[in-house]
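Q: Input file: model.txt. Contents: compact mmCIF, C-alpha atoms.
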```
# COMPACT_ATOMS: atom_id res chain seq x y z
CA MET A 1108 -28.03 -36.20 28.45
CA THR A 1109 -25.93 -38.13 25.96
CA THR A 1110 -23.51 -36.70 23.46
CA VAL A 1111 -25.16 -36.44 20.05
CA THR A 1112 -23.33 -36.49 16.73
CA THR A 1113 -25.05 -35.02 13.68
CA ARG A 1114 -24.34 -34.92 9.98
CA THR A 1115 -26.00 -33.95 6.74
CA ILE A 1116 -26.94 -36.77 4.37
CA GLU A 1117 -27.58 -36.26 0.64
CA TYR A 1118 -29.57 -38.87 -1.27
CA PRO A 1119 -31.79 -39.01 -4.38
CA ALA A 1120 -35.60 -39.11 -4.24
CA ASP A 1121 -38.50 -37.76 -6.30
CA GLY A 1122 -36.09 -36.53 -8.98
CA LEU A 1123 -34.30 -34.30 -6.45
CA THR A 1124 -31.20 -34.40 -4.28
CA MET A 1125 -32.62 -34.59 -0.78
CA ILE A 1126 -30.69 -33.22 2.19
CA GLY A 1127 -31.52 -35.07 5.39
CA HIS A 1128 -30.33 -34.59 8.96
CA LEU A 1129 -28.94 -37.64 10.77
CA ALA A 1130 -28.49 -37.61 14.57
CA LEU A 1131 -26.57 -40.36 16.36
CA PRO A 1132 -26.46 -41.12 20.09
CA ALA A 1133 -23.25 -41.69 21.99
CA GLY A 1134 -21.56 -45.05 21.64
CA VAL A 1135 -20.84 -47.44 18.81
CA ASP A 1136 -23.52 -50.09 19.31
CA ARG A 1137 -26.60 -50.56 17.15
CA ARG A 1138 -29.68 -48.74 18.33
CA PRO A 1139 -33.37 -48.57 17.42
CA ALA A 1140 -34.02 -45.89 14.84
CA VAL A 1141 -36.66 -43.32 14.02
CA LEU A 1142 -37.52 -41.79 10.65
CA ILE A 1143 -38.90 -38.24 11.04
CA GLY A 1144 -41.02 -36.56 8.38
CA PRO A 1145 -41.36 -32.75 8.32
CA GLU A 1146 -44.29 -30.45 7.68
CA GLY A 1147 -45.31 -29.35 4.19
CA PRO A 1148 -42.95 -26.36 3.96
CA GLY A 1149 -39.97 -28.68 4.30
CA LEU A 1150 -37.12 -29.54 6.64
CA ASN A 1151 -35.93 -26.74 8.90
CA ASP A 1152 -33.95 -26.40 12.12
CA PHE A 1153 -36.95 -27.17 14.32
CA GLN A 1154 -37.41 -30.57 12.70
CA ARG A 1155 -33.67 -31.19 12.87
CA ARG A 1156 -33.82 -30.56 16.62
CA ARG A 1157 -36.52 -33.24 16.88
CA ALA A 1158 -33.96 -35.72 15.54
CA ASP A 1159 -31.36 -34.43 17.98
CA ALA A 1160 -33.80 -34.81 20.89
CA LEU A 1161 -34.50 -38.41 19.96
CA ALA A 1162 -30.77 -39.11 19.66
CA GLU A 1163 -30.41 -37.77 23.20
CA LEU A 1164 -32.81 -40.52 24.23
CA GLY A 1165 -30.64 -43.13 22.53
CA TYR A 1166 -32.23 -43.44 19.09
CA VAL A 1167 -30.62 -43.15 15.70
CA ALA A 1168 -32.80 -40.48 14.07
CA LEU A 1169 -33.08 -39.25 10.50
CA ALA A 1170 -35.14 -36.16 9.69
CA PHE A 1171 -35.83 -36.57 6.00
CA ASP A 1172 -36.24 -33.96 3.28
CA LEU A 1173 -39.27 -33.30 1.09
CA HIS A 1174 -38.16 -30.67 -1.39
CA GLY A 1175 -34.50 -31.07 -2.30
CA GLY A 1176 -33.19 -28.89 0.50
CA ARG A 1177 -35.79 -26.19 0.06
CA TRP A 1178 -37.93 -24.60 2.78
CA PHE A 1179 -40.99 -22.90 1.28
CA THR A 1180 -41.74 -19.45 2.65
CA ASP A 1181 -44.62 -18.74 0.26
CA PRO A 1182 -47.77 -20.75 1.12
CA GLN A 1183 -48.97 -20.89 -2.48
CA GLU A 1184 -45.62 -22.22 -3.72
CA MET A 1185 -45.69 -24.78 -0.95
CA LEU A 1186 -49.21 -25.92 -1.83
CA ALA A 1187 -48.30 -26.14 -5.52
CA ARG A 1188 -45.57 -28.61 -4.59
CA VAL A 1189 -47.34 -30.46 -1.77
CA MET A 1190 -50.88 -30.96 -3.05
CA PRO A 1191 -49.87 -33.07 -6.10
CA LEU A 1192 -47.55 -35.02 -3.82
CA LEU A 1193 -50.34 -35.77 -1.34
CA ALA A 1194 -52.52 -36.95 -4.23
CA ASP A 1195 -49.90 -39.49 -5.34
CA PRO A 1196 -49.28 -42.29 -2.82
CA ASP A 1197 -46.58 -43.85 -4.98
CA ARG A 1198 -44.54 -40.62 -5.02
CA MET A 1199 -44.91 -40.29 -1.26
CA ARG A 1200 -43.82 -43.88 -0.78
CA GLY A 1201 -40.83 -43.29 -3.02
CA ILE A 1202 -39.71 -40.37 -0.84
CA GLY A 1203 -40.26 -42.42 2.30
CA HIS A 1204 -38.47 -45.51 1.03
CA ALA A 1205 -35.46 -43.47 -0.13
CA ALA A 1206 -35.08 -41.99 3.36
CA LEU A 1207 -35.68 -45.37 4.97
CA ASP A 1208 -32.90 -46.87 2.86
CA VAL A 1209 -30.53 -44.18 4.16
CA LEU A 1210 -31.52 -44.89 7.74
CA ARG A 1211 -31.14 -48.64 7.33
CA ALA A 1212 -27.71 -48.21 5.75
CA GLU A 1213 -26.41 -46.35 8.81
CA PRO A 1214 -24.18 -48.82 10.73
CA ARG A 1215 -25.59 -47.67 14.08
CA THR A 1216 -29.16 -48.56 13.03
CA ASP A 1217 -30.76 -51.81 14.12
CA PRO A 1218 -32.66 -52.54 10.88
CA ASP A 1219 -35.20 -54.69 12.70
CA ARG A 1220 -36.22 -51.89 15.06
CA ILE A 1221 -37.37 -48.80 13.16
CA ALA A 1222 -40.31 -46.47 13.74
CA ALA A 1223 -41.63 -43.62 11.59
CA ILE A 1224 -43.08 -40.39 12.90
CA GLY A 1225 -44.15 -37.36 10.94
CA TYR A 1226 -45.92 -34.03 10.92
CA GLY A 1227 -48.36 -32.94 8.22
CA THR A 1228 -47.02 -34.11 4.86
CA GLY A 1229 -44.23 -36.03 6.56
CA GLY A 1230 -46.82 -37.82 8.69
CA VAL A 1231 -48.78 -38.86 5.62
CA ILE A 1232 -45.59 -40.32 4.16
CA ALA A 1233 -45.07 -42.29 7.39
CA LEU A 1234 -48.60 -43.67 7.07
CA GLU A 1235 -48.05 -44.54 3.41
CA LEU A 1236 -44.98 -46.56 4.36
CA GLY A 1237 -47.21 -48.49 6.72
CA ARG A 1238 -49.88 -48.96 4.05
CA ASP A 1239 -47.10 -50.24 1.77
CA GLY A 1240 -46.37 -53.02 4.25
CA VAL A 1241 -43.04 -51.73 5.56
CA ASP A 1242 -41.94 -53.52 8.73
CA LEU A 1243 -42.09 -50.71 11.29
CA ARG A 1244 -42.39 -50.94 15.06
CA ALA A 1245 -44.62 -47.86 15.35
CA ILE A 1246 -46.08 -44.99 13.33
CA GLY A 1247 -46.76 -41.65 15.00
CA THR A 1248 -48.29 -38.68 13.20
CA VAL A 1249 -49.51 -35.18 13.98
CA ASN A 1250 -51.91 -33.37 11.63
CA ALA A 1251 -51.79 -36.18 9.07
CA LEU A 1252 -55.23 -37.80 9.12
CA THR A 1253 -55.50 -38.86 5.50
CA THR A 1254 -57.03 -42.08 4.28
CA GLY A 1255 -55.29 -44.35 1.82
CA ARG A 1256 -56.27 -46.48 -1.13
CA PRO A 1257 -59.00 -49.03 -0.32
CA GLY A 1258 -57.79 -52.04 1.61
CA GLU A 1259 -54.17 -50.99 1.94
CA ALA A 1260 -54.38 -50.07 5.62
CA ALA A 1261 -54.59 -53.82 6.30
CA ARG A 1262 -50.87 -53.94 5.44
CA ILE A 1263 -49.99 -51.81 8.48
CA ARG A 1264 -48.05 -54.09 10.82
CA CYS A 1265 -47.55 -51.87 13.87
CA PRO A 1266 -49.41 -49.59 16.28
CA VAL A 1267 -50.47 -46.21 14.89
CA TRP A 1268 -50.81 -43.09 17.03
CA ALA A 1269 -52.29 -39.93 15.53
CA GLY A 1270 -52.71 -36.46 17.01
CA VAL A 1271 -54.80 -33.56 15.71
CA GLY A 1272 -56.17 -30.23 16.93
CA SER A 1273 -59.90 -30.06 17.57
CA GLU A 1274 -60.14 -26.75 15.67
CA ASP A 1275 -57.97 -27.78 12.73
CA PRO A 1276 -59.90 -26.74 9.59
CA ILE A 1277 -57.52 -28.73 7.37
CA MET A 1278 -58.22 -31.95 9.30
CA PRO A 1279 -61.89 -31.46 10.31
CA ALA A 1280 -64.12 -33.88 12.22
CA GLY A 1281 -65.25 -35.69 9.06
CA GLN A 1282 -61.67 -36.43 8.12
CA ARG A 1283 -60.94 -37.66 11.63
CA ASP A 1284 -63.91 -40.00 11.41
CA ALA A 1285 -62.83 -41.35 8.01
CA PHE A 1286 -59.31 -42.01 9.28
CA ALA A 1287 -60.64 -43.78 12.37
CA ALA A 1288 -62.98 -45.90 10.25
CA GLU A 1289 -60.14 -46.91 7.93
CA MET A 1290 -57.88 -47.95 10.79
CA GLN A 1291 -60.65 -49.82 12.58
CA ALA A 1292 -61.82 -51.68 9.49
CA ALA A 1293 -58.23 -52.77 8.81
CA GLY A 1294 -57.77 -54.15 12.31
CA VAL A 1295 -54.93 -51.74 13.10
CA ASP A 1296 -53.88 -51.09 16.70
CA TRP A 1297 -54.64 -47.37 16.52
CA ARG A 1298 -55.09 -44.35 18.78
CA LEU A 1299 -56.32 -40.88 17.98
CA MET A 1300 -55.64 -37.94 20.31
CA VAL A 1301 -57.66 -34.76 19.78
CA TYR A 1302 -56.06 -31.71 21.41
CA GLY A 1303 -58.80 -29.32 22.49
CA GLY A 1304 -58.68 -25.82 21.01
CA ALA A 1305 -55.65 -26.47 18.80
CA LEU A 1306 -55.36 -25.50 15.14
CA HIS A 1307 -53.33 -27.07 12.33
CA ALA A 1308 -49.57 -27.25 12.92
CA PHE A 1309 -50.17 -26.48 16.61
CA HIS A 1310 -46.88 -28.24 17.39
CA HIS A 1311 -44.65 -25.83 15.43
CA PRO A 1312 -43.48 -22.51 16.94
CA PRO A 1313 -44.51 -19.39 14.99
CA VAL A 1314 -42.49 -18.59 11.88
CA ASP A 1315 -41.75 -15.12 10.50
CA GLN A 1316 -43.57 -15.68 7.20
CA ALA A 1317 -47.05 -16.06 5.76
CA VAL A 1318 -48.85 -19.32 6.55
CA VAL A 1319 -51.98 -20.97 5.25
CA PRO A 1320 -55.22 -20.15 7.12
CA GLY A 1321 -56.01 -22.31 10.12
CA VAL A 1322 -52.42 -22.65 11.33
CA GLY A 1323 -51.57 -21.68 14.89
CA TYR A 1324 -49.10 -22.62 17.62
CA HIS A 1325 -50.37 -24.05 20.91
CA PRO A 1326 -47.34 -24.37 23.21
CA LEU A 1327 -49.00 -26.53 25.86
CA HIS A 1328 -50.40 -29.04 23.38
CA ALA A 1329 -47.11 -28.98 21.46
CA GLN A 1330 -45.34 -30.24 24.59
CA ARG A 1331 -48.08 -32.81 25.20
CA ALA A 1332 -47.94 -34.14 21.63
CA TRP A 1333 -44.15 -34.51 21.86
CA ARG A 1334 -44.48 -36.43 25.14
CA ASP A 1335 -47.14 -38.64 23.56
CA ILE A 1336 -44.82 -39.49 20.67
CA VAL A 1337 -41.92 -40.23 23.02
CA ASP A 1338 -44.25 -42.45 25.05
CA LEU A 1339 -45.26 -44.30 21.87
CA LEU A 1340 -41.60 -44.93 21.07
CA ALA A 1341 -40.86 -46.02 24.64
CA GLU A 1342 -43.69 -48.54 24.41
CA CYS A 1343 -43.00 -49.92 20.94
CA LEU A 1344 -39.30 -49.22 20.48
CA PRO A 1345 -37.71 -49.06 23.93
CA VAL A 1346 -34.16 -47.90 24.55
CA THR A 1347 -32.89 -49.06 27.90
CA THR A 1348 -30.54 -46.09 28.26
CA ALA A 1349 -33.39 -43.54 27.93
CA LYS A 1350 -33.95 -41.88 31.31
CA SER A 1351 -36.02 -38.79 30.56
CA VAL A 1352 -38.04 -37.00 27.92
CA ALA A 1353 -35.77 -34.84 25.79
CA ARG A 1354 -37.54 -31.88 24.19
CA PRO A 1355 -36.69 -30.17 20.91
CA ARG A 1356 -35.41 -26.73 21.83
CA ASN A 1357 -37.29 -23.81 20.25
```
Just give me the structure of the file as structure tokens.
A:
Amino acid sequence: MTTVTTRTIEYPADGLTMIGHLALPAGVDRRPAVLIGPEGPGLNDFQRRRADALAELGYVALAFDLHGGRWFTDPQEMLARVMPLLADPDRMRGIGHAALDVLRAEPRTDPDRIAAIGYGTGGVIALELGRDGVDLRAIGTVNALTTGRPGEAARIRCPVWAGVGSEDPIMPAGQRDAFAAEMQAAGVDWRLMVYGGALHAFHHPPVDQAVVPGVGYHPLHAQRAWRDIVDLLAECLPVTTAKSVARPRN
């Protein structure tokens, strides 16, 4: 396990002061980098540990913010913020580009080797960066099977991996089919993994607060989805010093 250095990064986006979490691997050389988008409630310690785990594997990792440092504990407040955002691709792209600029400006980042992964709302933002033609090496998402504006998926220039729970009422079978059809029609190198019996946000440990209906933790599939994302990065954005699969600690 390498020594990881972390720091908080403030930057403007969506009319807010965002507070991201940057994790750097040991050394001084440039490394491939990963942009990490959080779930709808916002950036919390679990998502920050995802960045730390990737830094342990040798990546520069930035977990970006959605809500100006806020973590929503009330589902209705969260939806009031997130639903208009999800309906506005340009706003989502603005948030993604602002975070990407921060990641690219980090001296340890190799600007030609960047991937974007995300969960829920953060995953949709990763996909919108791809639909905007950003030069990424890979896009990995969990619970983010939205379709974009007609024709824009053809701008995606990298492999796309998507994971979803089979029992997710927020991302039902019809939405999975529409996402698959969009990717296929655009000629994207895409994969879709359906995790049997899992609900929405199956990857996130339980939180001591109210959640929207259809959310539930599935520890086995959470570990599998993390391994699948690490495998995607190893394939598309290899780090020669990576020896094992680091896991975000609960």
Q: Counting all atoms listed in the file, which residues of segment 1145-1206 of chain A sit at most 10 Å from some atom of segment 1243-1259 of chain A, and what is each one's closest atom pair with its distance in Å to one decimal, listed by chain and rising residue number, as CSV?
A:
```
residue,atom,partner,partner_atom,distance
A:Glu1146,CA,A:Asn1250,CA,9.1
A:Leu1193,CA,A:Thr1253,CA,9.1
A:Ala1194,CA,A:Gly1255,CA,10.0
A:Pro1196,CA,A:Gly1255,CA,7.9
```
Q: Which of these, A:Leu1299, A:Ala1332, A:Ala1206, A:Leu1173, has the shortest distance to Ala1285 of chain A once you count all atoms listed in the file?
A: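 Checking each candidate against Ala1285 of chain A, we get A:Leu1299 as the closest.
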Q: What is the distance, in Å and to one decimal place, between atom CA of Thr1228 of chain A and atom CA of Val1189 of chain A?
A: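 Atom-to-atom, atom CA of Thr1228 of chain A to atom CA of Val1189 of chain A, that is 7.6 Å.
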Q: Restricting the calculation to all atoms listed in the file, which member of A:Met1300, A:Val1295, A:Met1185, A:Met1290 is positioned closest to Gly1149 of chain A?
A: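 Of the candidates, the smallest distance to Gly1149 of chain A is held by A:Met1185.
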Q: Looking at A:Ile1221, A:Leu1161, A:Ala1288, A:Met1278, which one is nearest to Leu1344 of chain A, with distances taken over only C-alpha atoms?
A: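 With only C-alpha atoms as the atom set, the closest residue is A:Ile1221.
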Q: Mind giving me the straight-line distance from atom CA of Arg1188 of chain A to atom CA of His1311 of chain A in Å, one decimal?
A: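 Between these atoms lies a distance of 20.2 Å.
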Q: Using all atoms listed in the file, can you tell me which of A:Phe1153, A:Gln1183, A:Gly1281, A:Leu1142 comes closest to Pro1313 of chain A?
A: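 Between A:Phe1153, A:Gln1183, A:Gly1281, A:Leu1142, the residue approaching Pro1313 of chain A most closely is A:Phe1153.
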Q: Hey, what's within 9 Å of segment 1135-1140 of chain A if we count all atoms listed in the file and toss same-chain stuff fewer than 6 positions away? As number ranges by chain, please?
A: A: 1162, 1165-1169, 1210-1211, 1214-1223, 1344-1346
Q: For Asp1181 of chain A, which residue among A:Asp1275, A:Asp1195, A:Asp1296, A:Asp1315 is the nearest when counting all atoms listed in the file?
A: A:Asp1315
Q: Suppose you want the space between atom CA of Gly1127 of chain A and atom CA of Leu1207 of chain A; what is it in Å?
A: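 Those two atoms sit 11.1 Å apart.
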Q: Determine, counting only C-alpha atoms, which protein, DNA and RNA residues have an atom within 8 Å of an atom of Ala1170 of chain A; residues of the same chain fewer than 2 positions away are not included. Present the result as a ChimeraX atom specification.
A: /A:1127-1129,1142-1145,1150,1154-1155,1157-1158,1168,1172
Q: Would you kindly return, as an mmCIF file with C-alpha atoms, in the frame of the given file, each protein, DNA or RNA residue with an atom no farther than 9 Å from any atom of His1325 of chain A, considering only C-alpha atoms and excluding same-chain residues fewer than 5 positions away?
A:
```cif
data_model
loop_
_atom_site.group_PDB
_atom_site.id
_atom_site.type_symbol
_atom_site.label_atom_id
_atom_site.label_comp_id
_atom_site.auth_asym_id
_atom_site.auth_seq_id
_atom_site.Cartn_x
_atom_site.Cartn_y
_atom_site.Cartn_z
ATOM 1 C CA GLY A 1304 -58.680 -25.820 21.010
ATOM 2 C CA ALA A 1305 -55.650 -26.470 18.800
ATOM 3 C CA LEU A 1306 -55.360 -25.500 15.140
ATOM 4 C CA ALA A 1308 -49.570 -27.250 12.920
ATOM 5 C CA PHE A 1309 -50.170 -26.480 16.610
ATOM 6 C CA HIS A 1310 -46.880 -28.240 17.390
ATOM 7 C CA HIS A 1311 -44.650 -25.830 15.430
ATOM 8 C CA PRO A 1312 -43.480 -22.510 16.940
ATOM 9 C CA GLN A 1330 -45.340 -30.240 24.590
#
```
Q: Find, counting all atoms listed in the file, the residue in A:Val1319, A:Asp1284, A:Val1141, A:Ala1269 that gets nearest to Tyr1302 of chain A.
A: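 Residue with the minimum atom-to-atom distance to Tyr1302 of chain A: A:Ala1269.
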Q: Do you know which residues are at most 8 Å from Ala1133 of chain A counting all atoms listed in the file, after dropping those on the same chain fewer than 4 positions away, and could you put them as a ChimeraX atom specification?
A: /A:1109-1112,1165
Q: Residues near Trp1178 of chain A, anyone? I mean within 8 Å using only C-alpha atoms, not counting same-chain ones fewer than 2 positions away, as a ChimeraX atom specification.
A: /A:1148-1151,1174,1176,1180
Q: Taking (-42.8, -42.7, -1.2) in the file's own coordinates, collect the residues within 10 Å, counting all atoms listed in the file, and hand them back as a VMD selection string.
A: chain A and resid 1120 to 1121 1192 1195 to 1207 1231 to 1233 1235 to 1236 1239
